[in-house]
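Participant: Mind having a look at this structure? Questions to follow.
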Amino acid sequence: MSQVKNMVRRVILSIGSFIAVFPLIWMLLSGLNDYLMTFVPGNGKGISFTLENIGYVLFQSPVPLYIKNSMLISVVTSLYQIITGAMLAYALTFLKFRCKKLLYYIIFFTYMLPSAATYIPSYIVLSKLNLLNTYKGLILSQSVSLFGIFLLRQNFLEIPKDFVDAAKIDGATDWKILWKVVFPLARSGFITFFLLSFISLYNNYMWPALITTDSRLYQVSQGVRSFFIDDGAYGTKWPLIMAADSIVILPLVLMYICASHVIIHGISGDSGVKG
Amino acid sequence: MMNKTIPIKISLYILPACIPMLLFWFIPIFVTFGISFTNWDYMTELSRIRFLGVKNYISIFKDIRFYQCLLNTLAFTIGTVLPMMLIGFTLAQLIYSHKKEHPIFRILLFSPWVTPTVAISIVWIFLFDTDQGFLNQILSYLNVSKVPWLTSSKVALISVMLVTVWKSAGYAMVIFLGALHRIPKSLFEAASMDGAGTLEKIWFITLPEIRNTILFLIFTGTVSSIRAYDQIQILTQGGPSGSTRTLIYYFYQLGFEEFDTGKASATAIIILIITVSISAVQFMILSKKESSR
């Protein structure tokens with residue numbers, strides 16, 4: 001009986017898993033085909049693999065540039081977010097100062113608000129600073145992750161105060177304590193922060209699309225959309241579009257394969273809810 | 001002397017995060033609020049900006065599109081959060097009750113969450129394609145008539161929901177799994193000895209134990225469905241005939257296509273009020289639960 005149950009479970013989970021990854025598989029298969037793949041047997045020309053589309057995307061299209069932009073901006077921005085976030089979380093957890101509660105509530109309040117409510121004034125700020133269409137503007141306007149501040153603070157709170165106090169008695173500066181004592185102890189929090197930040201920055205679309213009109217600065221989301229419209233002729237050259245999509249998604253898939261455990265654990269464990 | 005040096009040191013730790021936060025988050029919200037009462041567009045000179053009172057809000061409330069957007073947002077939110085929760089819980093429960101759970105299921109089921117919404121939405125346009133798309137190929141193979149997934153105003157919103165649920169169900173599963181693993185095993189063992197079946201255990205033990213997680217997912221799911229923009233922009237651009245235009249998309253069109261900044265800001269404030277109300281309800285329910293313990 002329990003064997004039958006286990007079989008049923010496994011079948012349902014397998015179907016679910018298949019649905020979850022099917023769009024990715026179909027994308028890759030179509031990208032590797034030189035004409036449109038058809039599902040119905042005998043209806044189409046079947047499968048014939050070619051690297052032509054992938055080659056075109058890699059060597060003749062701007063897609064690699066988009067990936068480079070995204071990588072650069074995502075890595076630099078998430079490092080910024082980690083440094084600014086760690087310093088603020090450190091101050092909130094280990095330093096004493098007036099208005100600490102107030103600051104915490106301001107951050108919390110800001111975190112809950114829909115970011116769309118900030119777009120128009122933020123856009124004006126960037127244009128006044130002459131930072132529209134620049135890497136600087138993209139990085140600066142996203143250099144704080146409020147989610148990350150909470151994540152790190154949560155991790156810092158679990159560090160025994162004695163560790164920090166002992167280091168202080170030994171004469172270590174706060175800067176040293178943060179990076180030599182707190183950082184190693186909260187390492188998993190930092191890694192989770194970096195991975196989640198990187199993913200969301202790499203995937204980000206609405207805000208970067210609003211503040212960049214220069215196609216040389218496009219990141220993958222904006223870039224792959226313009227490729228879809230221009231080179232892909234709004235969906236008449238599907239194999240080509242799917243090849244571009246595959247290449248754009250590849251870095252994240254690789255990262256996910258290497259770090260799925262950390263990512264999943266980070267989400268289920270540090271979501272801020274207990275039971 | 002100490003008193004003077006400490007605040008400087010503290011501010012060194014706080015300012016790197018706080019300056020961008022104030023500049024791009026906190027202050028803009030109040031500016032948006034201010035703009036929502038004016039006739040400002042990107043071009044008007046400062047001296048020519050006029051205070052309009054609640055005129056922008058009134059013109060929104062008179063705009064029939066607004067009510068369509070409100071309804072769409074409501075339908076979209078319910079139609080994404082509910083299936084996400086049900087599918088997520090079912091999958092989590094299946095993995096949890098599996099004695100030797102294979103990690104591959106968890107990894108595969110969660111993977112859609114990692115993919116970029118824009119790139120994957122383009123894949124979905126391909127799958128949804130009326131003539132060449134995979135879904136309609138299957139349907140025609142089964143002798144069912146083709147579905148105009150993204151081109152009919154009756155179906156488009158459902159298609160957008162489908163993509164959204166596909167992307168978020170794995171996330172809900174992972175959150176549920178975390179909560180399931182925190183339930184003390186002894187509760188289930190005691191129930192088994194009393195002869196409780198699987199469904200009884202879920203109803204009487206699991207669901208009450210993970211109540212906070214359920215609430216958390218309902219609220220965060222609702223807020224993120226209200227914020228959803230990427231998939232709508234790629235799949236349908238709010239069409240056909242406004243059938244997938246949600247409040248956030250309405251905001252985008254007013255602010256960045258029609259350049260009606262005042263009205264767009266008013267819409268942003270309405271979205272903000274809705275979001276804050278939902279968060280406040282969540283906060284009240286969760287803190288009530290804490291204090292009743």
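Chain identifiers are assigned as A, B, and so on, following the order in which chains appear in the structure tokens; residues are numbered from 1 within each chain, and ligands are numbered from 1 in order of appearance.
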Which neighbours of Leu207 (chain B) fall inside 12 Å, counting only C-alpha atoms, when residues of the same chain fewer than 2 positions from it are skipped, and could you give them as a list of chain:residue names?
Facilitator: A:Gly275, B:Phe89, B:Gln93, B:Phe176, B:Ala179, B:Leu180, B:Ile183, B:Leu199, B:Glu200, B:Lys201, B:Ile202, B:Trp203, B:Phe204, B:Ile205, B:Glu209, B:Ile210, B:Arg211, B:Asn212, B:Thr213, B:Ile214, B:Leu215
Participant: Applying 10 Å and only C-alpha atoms, which residues near Arg106 (chain B) remain after dropping the ones on its own chain fewer than 3 positions away? List them as a ChimeraX atom specification.
Facilitator: /A:13,17,260-261,264 /B:91-92,95,101-103,109-111,170,173-174,177
Participant: Save the residues we just selected, N, CA and C atoms, as a compact mmCIF listing (two decimals), in the first residue's frame?
Facilitator:
# COMPACT_ATOMS: atom_id res chain seq x y z
N LEU A 13 5.12 14.32 -8.48
CA LEU A 13 6.28 15.21 -8.38
C LEU A 13 7.04 15.27 -9.71
N SER A 17 7.68 18.56 -11.81
CA SER A 17 9.04 18.97 -12.16
C SER A 17 9.17 19.17 -13.67
N SER A 260 22.18 25.73 -5.82
CA SER A 260 20.74 25.59 -5.54
C SER A 260 20.49 25.37 -4.05
N HIS A 261 21.37 24.60 -3.43
CA HIS A 261 21.16 24.30 -2.01
C HIS A 261 21.17 25.59 -1.17
N ILE A 264 17.99 27.81 -2.07
CA ILE A 264 16.75 27.30 -1.52
C ILE A 264 16.74 27.42 0.00
N LEU B 91 2.75 20.33 -3.34
CA LEU B 91 4.09 19.84 -3.67
C LEU B 91 4.95 19.68 -2.41
N ALA B 92 4.87 20.69 -1.53
CA ALA B 92 5.66 20.62 -0.30
C ALA B 92 5.25 19.40 0.53
N ILE B 95 6.59 16.20 -1.03
CA ILE B 95 8.03 16.02 -0.79
C ILE B 95 8.27 15.67 0.68
N GLU B 101 13.25 11.56 0.39
CA GLU B 101 13.00 12.61 -0.60
C GLU B 101 14.24 12.83 -1.45
N HIS B 102 14.02 12.83 -2.75
CA HIS B 102 15.14 13.10 -3.63
C HIS B 102 15.26 14.61 -3.84
N PRO B 103 16.45 15.20 -3.57
CA PRO B 103 16.56 16.67 -3.67
C PRO B 103 16.31 17.20 -5.08
N LEU B 109 11.63 21.92 -9.21
CA LEU B 109 10.38 22.63 -9.00
C LEU B 109 10.61 24.11 -8.66
N PHE B 110 11.73 24.39 -8.03
CA PHE B 110 12.00 25.77 -7.65
C PHE B 110 12.61 26.58 -8.79
N SER B 111 13.17 25.87 -9.80
CA SER B 111 13.97 26.57 -10.81
C SER B 111 13.25 27.71 -11.55
N GLY B 170 6.89 27.22 -7.11
CA GLY B 170 8.07 26.60 -6.50
C GLY B 170 8.56 27.39 -5.30
N MET B 173 6.36 26.53 -2.49
CA MET B 173 6.71 25.18 -2.03
C MET B 173 7.91 25.21 -1.07
N VAL B 174 8.93 25.97 -1.45
CA VAL B 174 10.12 26.03 -0.61
C VAL B 174 9.81 26.65 0.76
N LEU B 177 7.86 24.09 2.72
CA LEU B 177 8.73 23.00 3.19
C LEU B 177 9.49 23.41 4.45
Participant: Could you work out which residues of chain B fall inside 6 Å of chain A? Count only C-alpha atoms, and format the result as a ChimeraX atom specification.
Facilitator: /B:13-14,16-17,24-25,28-29,108-109,116,118-119,174-175,178-179,210,268
Participant: Taking the chain letters and numbering used in this document, name the residues of region 2-185 of chain A that DSSP puts in helix (DSSP H, G or I), as a compact mmCIF listing (two decimals) with N, CA and C atoms, in the first residue's frame.
Facilitator:
# COMPACT_ATOMS: atom_id res chain seq x y z
N SER A 2 1.83 1.32 0.94
CA SER A 2 2.65 2.52 1.02
C SER A 2 3.54 2.63 -0.21
N GLN A 3 3.80 1.44 -0.84
CA GLN A 3 4.60 1.49 -2.06
C GLN A 3 3.83 2.14 -3.19
N VAL A 4 2.53 1.81 -3.26
CA VAL A 4 1.68 2.43 -4.28
C VAL A 4 1.62 3.92 -4.04
N LYS A 5 1.45 4.30 -2.78
CA LYS A 5 1.39 5.71 -2.41
C LYS A 5 2.65 6.43 -2.85
N ASN A 6 3.79 5.78 -2.56
CA ASN A 6 5.06 6.40 -2.94
C ASN A 6 5.18 6.57 -4.43
N MET A 7 4.68 5.57 -5.17
CA MET A 7 4.71 5.65 -6.62
C MET A 7 3.90 6.85 -7.09
N VAL A 8 2.67 6.97 -6.54
CA VAL A 8 1.79 8.08 -6.93
C VAL A 8 2.48 9.41 -6.65
N ARG A 9 3.05 9.51 -5.44
CA ARG A 9 3.76 10.73 -5.07
C ARG A 9 4.85 11.07 -6.09
N ARG A 10 5.62 10.03 -6.39
CA ARG A 10 6.74 10.26 -7.29
C ARG A 10 6.26 10.68 -8.68
N VAL A 11 5.17 10.06 -9.12
CA VAL A 11 4.64 10.41 -10.44
C VAL A 11 4.19 11.87 -10.46
N ILE A 12 3.43 12.28 -9.40
CA ILE A 12 2.96 13.66 -9.36
C ILE A 12 4.14 14.63 -9.32
N LEU A 13 5.12 14.32 -8.48
CA LEU A 13 6.28 15.21 -8.38
C LEU A 13 7.04 15.27 -9.71
N SER A 14 7.10 14.12 -10.40
CA SER A 14 7.80 14.12 -11.68
C SER A 14 7.08 14.97 -12.71
N ILE A 15 5.73 14.85 -12.74
CA ILE A 15 4.96 15.67 -13.68
C ILE A 15 5.16 17.15 -13.35
N GLY A 16 5.09 17.47 -12.07
CA GLY A 16 5.29 18.86 -11.64
C GLY A 16 6.66 19.37 -12.06
N SER A 17 7.68 18.56 -11.81
CA SER A 17 9.04 18.97 -12.16
C SER A 17 9.17 19.17 -13.67
N PHE A 18 8.50 18.29 -14.42
CA PHE A 18 8.57 18.38 -15.87
C PHE A 18 7.95 19.70 -16.35
N ILE A 19 6.77 20.03 -15.79
CA ILE A 19 6.13 21.30 -16.17
C ILE A 19 7.02 22.48 -15.81
N ALA A 20 7.70 22.37 -14.65
CA ALA A 20 8.54 23.47 -14.21
C ALA A 20 9.70 23.73 -15.17
N VAL A 21 10.31 22.67 -15.68
CA VAL A 21 11.49 22.88 -16.53
C VAL A 21 11.18 22.81 -18.02
N PHE A 22 9.96 22.40 -18.37
CA PHE A 22 9.66 22.23 -19.79
C PHE A 22 9.92 23.48 -20.64
N PRO A 23 9.44 24.67 -20.20
CA PRO A 23 9.72 25.85 -21.03
C PRO A 23 11.20 26.05 -21.31
N LEU A 24 12.05 25.71 -20.33
CA LEU A 24 13.49 25.85 -20.53
C LEU A 24 14.00 24.85 -21.56
N ILE A 25 13.49 23.61 -21.47
CA ILE A 25 13.92 22.57 -22.41
C ILE A 25 13.48 22.93 -23.83
N TRP A 26 12.21 23.34 -23.93
CA TRP A 26 11.65 23.70 -25.25
C TRP A 26 12.43 24.87 -25.86
N MET A 27 12.78 25.82 -24.99
CA MET A 27 13.57 26.97 -25.43
C MET A 27 14.90 26.52 -26.02
N LEU A 28 15.60 25.65 -25.27
CA LEU A 28 16.91 25.20 -25.70
C LEU A 28 16.83 24.39 -26.99
N LEU A 29 15.85 23.44 -27.03
CA LEU A 29 15.69 22.61 -28.23
C LEU A 29 15.38 23.47 -29.45
N SER A 30 14.50 24.45 -29.27
CA SER A 30 14.14 25.31 -30.39
C SER A 30 15.31 26.17 -30.83
N GLY A 31 16.11 26.60 -29.84
CA GLY A 31 17.26 27.42 -30.17
C GLY A 31 18.32 26.66 -30.94
N GLU A 52 23.85 27.17 -35.72
CA GLU A 52 23.84 28.41 -36.48
C GLU A 52 23.26 29.58 -35.67
N ASN A 53 22.10 29.35 -35.05
CA ASN A 53 21.45 30.43 -34.29
C ASN A 53 22.29 30.86 -33.11
N ILE A 54 22.81 29.85 -32.39
CA ILE A 54 23.65 30.16 -31.24
C ILE A 54 24.86 30.98 -31.70
N GLY A 55 25.44 30.55 -32.82
CA GLY A 55 26.59 31.26 -33.36
C GLY A 55 26.24 32.70 -33.71
N TYR A 56 25.10 32.88 -34.36
CA TYR A 56 24.68 34.24 -34.72
C TYR A 56 24.53 35.11 -33.47
N VAL A 57 23.86 34.56 -32.45
CA VAL A 57 23.63 35.32 -31.23
C VAL A 57 24.95 35.67 -30.56
N LEU A 58 25.87 34.71 -30.55
CA LEU A 58 27.14 34.93 -29.85
C LEU A 58 28.05 35.90 -30.58
N PHE A 59 28.07 35.81 -31.92
CA PHE A 59 29.11 36.56 -32.63
C PHE A 59 28.58 37.73 -33.45
N GLN A 60 27.29 37.76 -33.76
CA GLN A 60 26.82 38.83 -34.62
C GLN A 60 25.73 39.69 -33.99
N VAL A 63 23.71 40.56 -28.01
CA VAL A 63 23.35 39.84 -26.79
C VAL A 63 24.53 39.66 -25.82
N PRO A 64 25.74 39.28 -26.29
CA PRO A 64 26.86 39.17 -25.35
C PRO A 64 27.15 40.48 -24.61
N LEU A 65 26.95 41.60 -25.31
CA LEU A 65 27.15 42.90 -24.66
C LEU A 65 26.14 43.08 -23.52
N TYR A 66 24.89 42.69 -23.77
CA TYR A 66 23.87 42.80 -22.73
C TYR A 66 24.25 41.95 -21.51
N ILE A 67 24.75 40.75 -21.78
CA ILE A 67 25.14 39.87 -20.68
C ILE A 67 26.30 40.49 -19.90
N LYS A 68 27.26 41.06 -20.63
CA LYS A 68 28.39 41.71 -19.97
C LYS A 68 27.89 42.85 -19.10
N ASN A 69 27.01 43.69 -19.65
CA ASN A 69 26.44 44.80 -18.87
C ASN A 69 25.77 44.30 -17.61
N SER A 70 24.93 43.28 -17.77
CA SER A 70 24.18 42.75 -16.63
C SER A 70 25.11 42.20 -15.57
N MET A 71 26.10 41.43 -16.03
CA MET A 71 27.06 40.85 -15.09
C MET A 71 27.76 41.94 -14.30
N LEU A 72 28.29 42.90 -15.04
CA LEU A 72 29.04 43.99 -14.42
C LEU A 72 28.16 44.73 -13.40
N ILE A 73 27.00 45.16 -13.85
CA ILE A 73 26.14 45.95 -12.98
C ILE A 73 25.66 45.12 -11.79
N SER A 74 25.30 43.85 -12.04
CA SER A 74 24.79 43.03 -10.94
C SER A 74 25.87 42.76 -9.90
N VAL A 75 27.09 42.44 -10.36
CA VAL A 75 28.15 42.13 -9.40
C VAL A 75 28.53 43.38 -8.61
N VAL A 76 28.77 44.49 -9.30
CA VAL A 76 29.19 45.70 -8.60
C VAL A 76 28.08 46.17 -7.65
N THR A 77 26.83 46.18 -8.15
CA THR A 77 25.73 46.66 -7.31
C THR A 77 25.53 45.76 -6.10
N SER A 78 25.61 44.45 -6.29
CA SER A 78 25.37 43.60 -5.11
C SER A 78 26.52 43.72 -4.10
N LEU A 79 27.75 43.95 -4.59
CA LEU A 79 28.83 44.18 -3.63
C LEU A 79 28.60 45.48 -2.85
N TYR A 80 28.17 46.52 -3.56
CA TYR A 80 27.79 47.76 -2.89
C TYR A 80 26.72 47.51 -1.83
N GLN A 81 25.70 46.77 -2.26
CA GLN A 81 24.58 46.49 -1.34
C GLN A 81 25.08 45.75 -0.10
N ILE A 82 26.02 44.83 -0.31
CA ILE A 82 26.53 44.07 0.83
C ILE A 82 27.28 44.98 1.78
N ILE A 83 28.15 45.85 1.23
CA ILE A 83 28.94 46.72 2.11
C ILE A 83 28.04 47.71 2.85
N THR A 84 27.19 48.42 2.10
CA THR A 84 26.32 49.40 2.77
C THR A 84 25.38 48.69 3.75
N GLY A 85 24.87 47.54 3.34
CA GLY A 85 23.93 46.79 4.19
C GLY A 85 24.60 46.27 5.44
N ALA A 86 25.83 45.75 5.28
CA ALA A 86 26.54 45.20 6.45
C ALA A 86 26.85 46.30 7.45
N MET A 87 27.25 47.47 6.96
CA MET A 87 27.57 48.57 7.87
C MET A 87 26.33 49.01 8.63
N LEU A 88 25.22 49.16 7.91
CA LEU A 88 24.01 49.60 8.58
C LEU A 88 23.51 48.54 9.55
N ALA A 89 23.53 47.28 9.11
CA ALA A 89 23.06 46.21 9.99
C ALA A 89 23.96 46.11 11.23
N TYR A 90 25.26 46.35 11.04
CA TYR A 90 26.19 46.34 12.18
C TYR A 90 25.83 47.44 13.17
N ALA A 91 25.60 48.65 12.63
CA ALA A 91 25.22 49.76 13.51
C ALA A 91 23.93 49.46 14.25
N LEU A 92 22.96 48.88 13.53
CA LEU A 92 21.67 48.59 14.15
C LEU A 92 21.79 47.51 15.23
N THR A 93 22.73 46.59 15.05
CA THR A 93 22.81 45.47 15.98
C THR A 93 23.80 45.72 17.13
N PHE A 94 24.97 46.28 16.82
CA PHE A 94 26.03 46.31 17.83
C PHE A 94 26.38 47.71 18.34
N LYS A 100 17.81 55.02 17.11
CA LYS A 100 18.05 53.74 16.46
C LYS A 100 16.72 53.08 16.08
N LYS A 101 15.80 53.05 17.04
CA LYS A 101 14.46 52.49 16.78
C LYS A 101 13.79 53.19 15.62
N LEU A 102 13.88 54.52 15.63
CA LEU A 102 13.25 55.32 14.58
C LEU A 102 13.81 54.93 13.22
N LEU A 103 15.14 54.83 13.16
CA LEU A 103 15.79 54.46 11.90
C LEU A 103 15.30 53.09 11.43
N TYR A 104 15.23 52.17 12.39
CA TYR A 104 14.77 50.82 12.04
C TYR A 104 13.37 50.86 11.46
N TYR A 105 12.49 51.65 12.08
CA TYR A 105 11.12 51.72 11.58
C TYR A 105 11.04 52.41 10.23
N ILE A 106 11.89 53.42 10.01
CA ILE A 106 11.90 54.08 8.70
C ILE A 106 12.29 53.08 7.62
N ILE A 107 13.32 52.28 7.91
CA ILE A 107 13.75 51.28 6.92
C ILE A 107 12.63 50.27 6.67
N PHE A 108 11.99 49.84 7.75
CA PHE A 108 10.93 48.85 7.62
C PHE A 108 9.77 49.40 6.81
N PHE A 109 9.38 50.64 7.12
CA PHE A 109 8.29 51.31 6.42
C PHE A 109 8.62 51.42 4.92
N THR A 110 9.85 51.86 4.64
CA THR A 110 10.26 52.02 3.24
C THR A 110 10.25 50.69 2.51
N TYR A 111 10.66 49.63 3.20
CA TYR A 111 10.75 48.30 2.61
C TYR A 111 9.38 47.81 2.12
N MET A 112 8.33 48.15 2.89
CA MET A 112 7.01 47.63 2.56
C MET A 112 6.37 48.33 1.37
N ALA A 116 7.18 51.35 -7.23
CA ALA A 116 6.64 52.20 -8.29
C ALA A 116 6.35 53.60 -7.78
N ALA A 117 6.01 53.71 -6.49
CA ALA A 117 5.69 55.01 -5.92
C ALA A 117 6.91 55.92 -5.86
N THR A 118 8.10 55.36 -6.13
CA THR A 118 9.31 56.18 -6.06
C THR A 118 9.87 56.50 -7.45
N TYR A 119 9.33 55.86 -8.50
CA TYR A 119 10.00 55.92 -9.79
C TYR A 119 10.10 57.32 -10.39
N ILE A 120 9.00 58.07 -10.36
CA ILE A 120 9.03 59.37 -11.04
C ILE A 120 10.02 60.33 -10.37
N PRO A 121 9.95 60.53 -9.03
CA PRO A 121 10.95 61.40 -8.40
C PRO A 121 12.38 60.86 -8.54
N SER A 122 12.57 59.54 -8.42
CA SER A 122 13.91 58.99 -8.56
C SER A 122 14.47 59.26 -9.95
N TYR A 123 13.59 59.17 -10.92
CA TYR A 123 13.97 59.46 -12.30
C TYR A 123 14.44 60.91 -12.42
N ILE A 124 13.70 61.82 -11.75
CA ILE A 124 14.08 63.23 -11.79
C ILE A 124 15.43 63.44 -11.11
N VAL A 125 15.62 62.78 -9.94
CA VAL A 125 16.89 62.90 -9.22
C VAL A 125 18.03 62.50 -10.14
N LEU A 126 17.89 61.35 -10.80
CA LEU A 126 18.97 60.88 -11.68
C LEU A 126 19.21 61.84 -12.84
N SER A 127 18.13 62.39 -13.39
CA SER A 127 18.34 63.28 -14.53
C SER A 127 19.00 64.58 -14.07
N LYS A 128 18.65 65.06 -12.86
CA LYS A 128 19.30 66.27 -12.32
C LYS A 128 20.78 66.01 -12.05
N TYR A 135 26.28 53.81 -16.17
CA TYR A 135 26.46 52.72 -15.22
C TYR A 135 26.31 53.25 -13.79
N LYS A 136 26.90 54.44 -13.56
CA LYS A 136 26.86 55.03 -12.23
C LYS A 136 25.43 55.17 -11.73
N GLY A 137 24.57 55.69 -12.60
CA GLY A 137 23.18 55.91 -12.21
C GLY A 137 22.48 54.60 -11.88
N LEU A 138 22.74 53.59 -12.72
CA LEU A 138 22.12 52.28 -12.48
C LEU A 138 22.58 51.70 -11.15
N ILE A 139 23.87 51.86 -10.86
CA ILE A 139 24.42 51.27 -9.64
C ILE A 139 24.00 52.06 -8.42
N LEU A 140 24.15 53.39 -8.50
CA LEU A 140 23.84 54.23 -7.35
C LEU A 140 22.38 54.09 -6.92
N LEU A 146 17.07 46.90 0.90
CA LEU A 146 16.43 46.94 2.22
C LEU A 146 16.20 45.51 2.72
N PHE A 147 15.84 44.62 1.78
CA PHE A 147 15.70 43.21 2.14
C PHE A 147 17.00 42.68 2.73
N GLY A 148 18.13 43.05 2.10
CA GLY A 148 19.43 42.58 2.56
C GLY A 148 19.77 43.07 3.96
N ILE A 149 19.38 44.32 4.27
CA ILE A 149 19.64 44.86 5.61
C ILE A 149 18.94 43.99 6.66
N PHE A 150 17.69 43.63 6.36
CA PHE A 150 16.96 42.79 7.32
C PHE A 150 17.58 41.40 7.43
N LEU A 151 17.96 40.86 6.26
CA LEU A 151 18.57 39.53 6.25
C LEU A 151 19.84 39.52 7.09
N LEU A 152 20.71 40.51 6.91
CA LEU A 152 21.97 40.54 7.65
C LEU A 152 21.72 40.80 9.14
N ARG A 153 20.79 41.71 9.43
CA ARG A 153 20.50 42.01 10.82
C ARG A 153 20.04 40.73 11.54
N GLN A 154 19.17 39.97 10.84
CA GLN A 154 18.69 38.71 11.39
C GLN A 154 19.88 37.79 11.72
N ASN A 155 20.84 37.74 10.81
CA ASN A 155 22.02 36.90 11.02
C ASN A 155 22.92 37.44 12.13
N PHE A 156 23.06 38.76 12.17
CA PHE A 156 23.92 39.38 13.18
C PHE A 156 23.36 39.16 14.58
N LEU A 157 22.03 39.17 14.70
CA LEU A 157 21.41 39.02 16.02
C LEU A 157 21.74 37.67 16.64
N LYS A 161 26.80 38.32 21.72
CA LYS A 161 27.37 39.66 21.98
C LYS A 161 28.77 39.56 22.58
N ASP A 162 29.03 38.47 23.32
CA ASP A 162 30.35 38.31 23.98
C ASP A 162 31.50 38.36 22.98
N PHE A 163 31.28 37.76 21.80
CA PHE A 163 32.32 37.75 20.77
C PHE A 163 32.74 39.17 20.43
N VAL A 164 31.72 40.00 20.21
CA VAL A 164 31.98 41.38 19.81
C VAL A 164 32.61 42.14 20.97
N ASP A 165 32.07 41.93 22.18
CA ASP A 165 32.60 42.63 23.35
C ASP A 165 34.05 42.26 23.60
N ALA A 166 34.36 40.98 23.48
CA ALA A 166 35.73 40.53 23.71
C ALA A 166 36.68 41.19 22.73
N ALA A 167 36.27 41.27 21.47
CA ALA A 167 37.11 41.91 20.47
C ALA A 167 37.31 43.38 20.79
N LYS A 168 36.26 44.00 21.31
CA LYS A 168 36.35 45.42 21.68
C LYS A 168 37.36 45.63 22.80
N ILE A 169 37.31 44.71 23.78
CA ILE A 169 38.24 44.83 24.91
C ILE A 169 39.67 44.67 24.41
N ASP A 174 35.64 48.99 15.29
CA ASP A 174 34.38 48.43 14.80
C ASP A 174 34.53 47.89 13.38
N TRP A 175 35.31 48.63 12.58
CA TRP A 175 35.51 48.21 11.19
C TRP A 175 36.15 46.83 11.15
N LYS A 176 37.17 46.62 12.02
CA LYS A 176 37.83 45.31 12.10
C LYS A 176 36.87 44.25 12.59
N ILE A 177 36.10 44.61 13.63
CA ILE A 177 35.16 43.63 14.19
C ILE A 177 34.16 43.18 13.13
N LEU A 178 33.66 44.16 12.37
CA LEU A 178 32.66 43.83 11.35
C LEU A 178 33.21 42.81 10.35
N TRP A 179 34.43 43.05 9.86
CA TRP A 179 34.91 42.18 8.79
C TRP A 179 35.71 40.98 9.27
N LYS A 180 36.31 41.07 10.50
CA LYS A 180 37.13 39.95 10.98
C LYS A 180 36.36 39.02 11.93
N VAL A 181 35.37 39.57 12.63
CA VAL A 181 34.64 38.74 13.60
C VAL A 181 33.23 38.42 13.09
N VAL A 182 32.48 39.49 12.77
CA VAL A 182 31.08 39.30 12.40
C VAL A 182 30.94 38.62 11.04
N PHE A 183 31.72 39.09 10.08
CA PHE A 183 31.61 38.55 8.71
C PHE A 183 31.79 37.04 8.64
N PRO A 184 32.88 36.49 9.26
CA PRO A 184 33.02 35.03 9.19
C PRO A 184 31.88 34.28 9.90
N LEU A 185 31.39 34.87 10.99
CA LEU A 185 30.33 34.18 11.73
C LEU A 185 28.99 34.21 10.98
Participant: For Ile58 (chain B), find every residue with an atom within 12 Å (counting only C-alpha atoms), except residues of its own chain fewer than 2 positions away, and show them as a ChimeraX atom specification.
Facilitator: /B:36-37,52-56,60-64,66,262-263,266-267
Participant: Return the single residue from B:Ser59, B:Ser168, B:Thr275, B:Thr244 that is closest to Leu82 (chain B), with distances computed using only C-alpha atoms.
Facilitator: B:Ser168
Participant: Have a look at CA of Gln282 (chain B) and CA of Phe219 (chain B) and let me know their distance in Å, one decimal.
Facilitator: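 Distance reported for this atom pair: 6.7 Å.
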Participant: Hey, what's within 7 Å of Leu150 (chain B) if we count only C-alpha atoms and toss same-chain stuff fewer than 2 positions away? As a ChimeraX atom specification, please?
Facilitator: /B:128,148,152,155-156,159,236
Participant: Could you work out how far CA of Gly171 (chain A) lies from CA of Lys9 (chain B), giving the answer in Å with one decimal?
Facilitator: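 Result for CA of Lys9 (chain B) versus CA of Gly171 (chain A): 15.9 Å, one decimal.
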Participant: Measuring atom to atom with only C-alpha atoms, identify which of A:Thr212, A:Ser48, A:Ser226, A:Gln219 is nearest to Asn133 (chain A).
Facilitator: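 Smallest separation from Asn133 (chain A) among the options: A:Thr212.
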Participant: For Gln231 (chain B), work out the shell of residues within 8 Å, counting only C-alpha atoms and skipping chain neighbours fewer than 5 positions away, then give it as a PDB file with C-alpha atoms, in the first residue's frame.
Facilitator:
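In the end it all went to result16.pdb:
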ATOM      1  CA  THR B 117      10.834  37.124 -16.007  1.00  0.00           C
ATOM      2  CA  VAL B 118      11.400  38.920 -19.294  1.00  0.00           C
ATOM      3  CA  SER B 121       7.968  35.425 -20.762  1.00  0.00           C
ATOM      4  CA  VAL B 160      -0.662  35.867 -17.745  1.00  0.00           C
ATOM      5  CA  VAL B 163       2.881  32.176 -16.321  1.00  0.00           C
ATOM      6  CA  THR B 164       2.906  33.911 -12.940  1.00  0.00           C
TER       7      THR B 164
END
Participant: In Å, rounded to a single decimal, give me how far CA of Ile138 (chain B) is from CA of Ile104 (chain B).
Facilitator: 27.4 Å
Participant: With only C-alpha atoms as the atoms that count, which of B:Ala169, B:Leu127, B:Met161, B:Ala190 lies nearest to Val147 (chain B)?
Facilitator: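 Residue with the minimum atom-to-atom distance to Val147 (chain B): B:Leu127.
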Participant: Got a sec: who's within 8 Å of Phe49 (chain A), counting only C-alpha atoms, leaving out chain neighbours fewer than 6 positions off, as a ChimeraX atom specification?
Facilitator: /A:32-34
Participant: May I ask which of the residues B:Gly242, B:Gly133, B:Pro112, B:Pro184 is the closest one to Lys146 (chain B), counting only C-alpha atoms?
Facilitator: B:Gly133
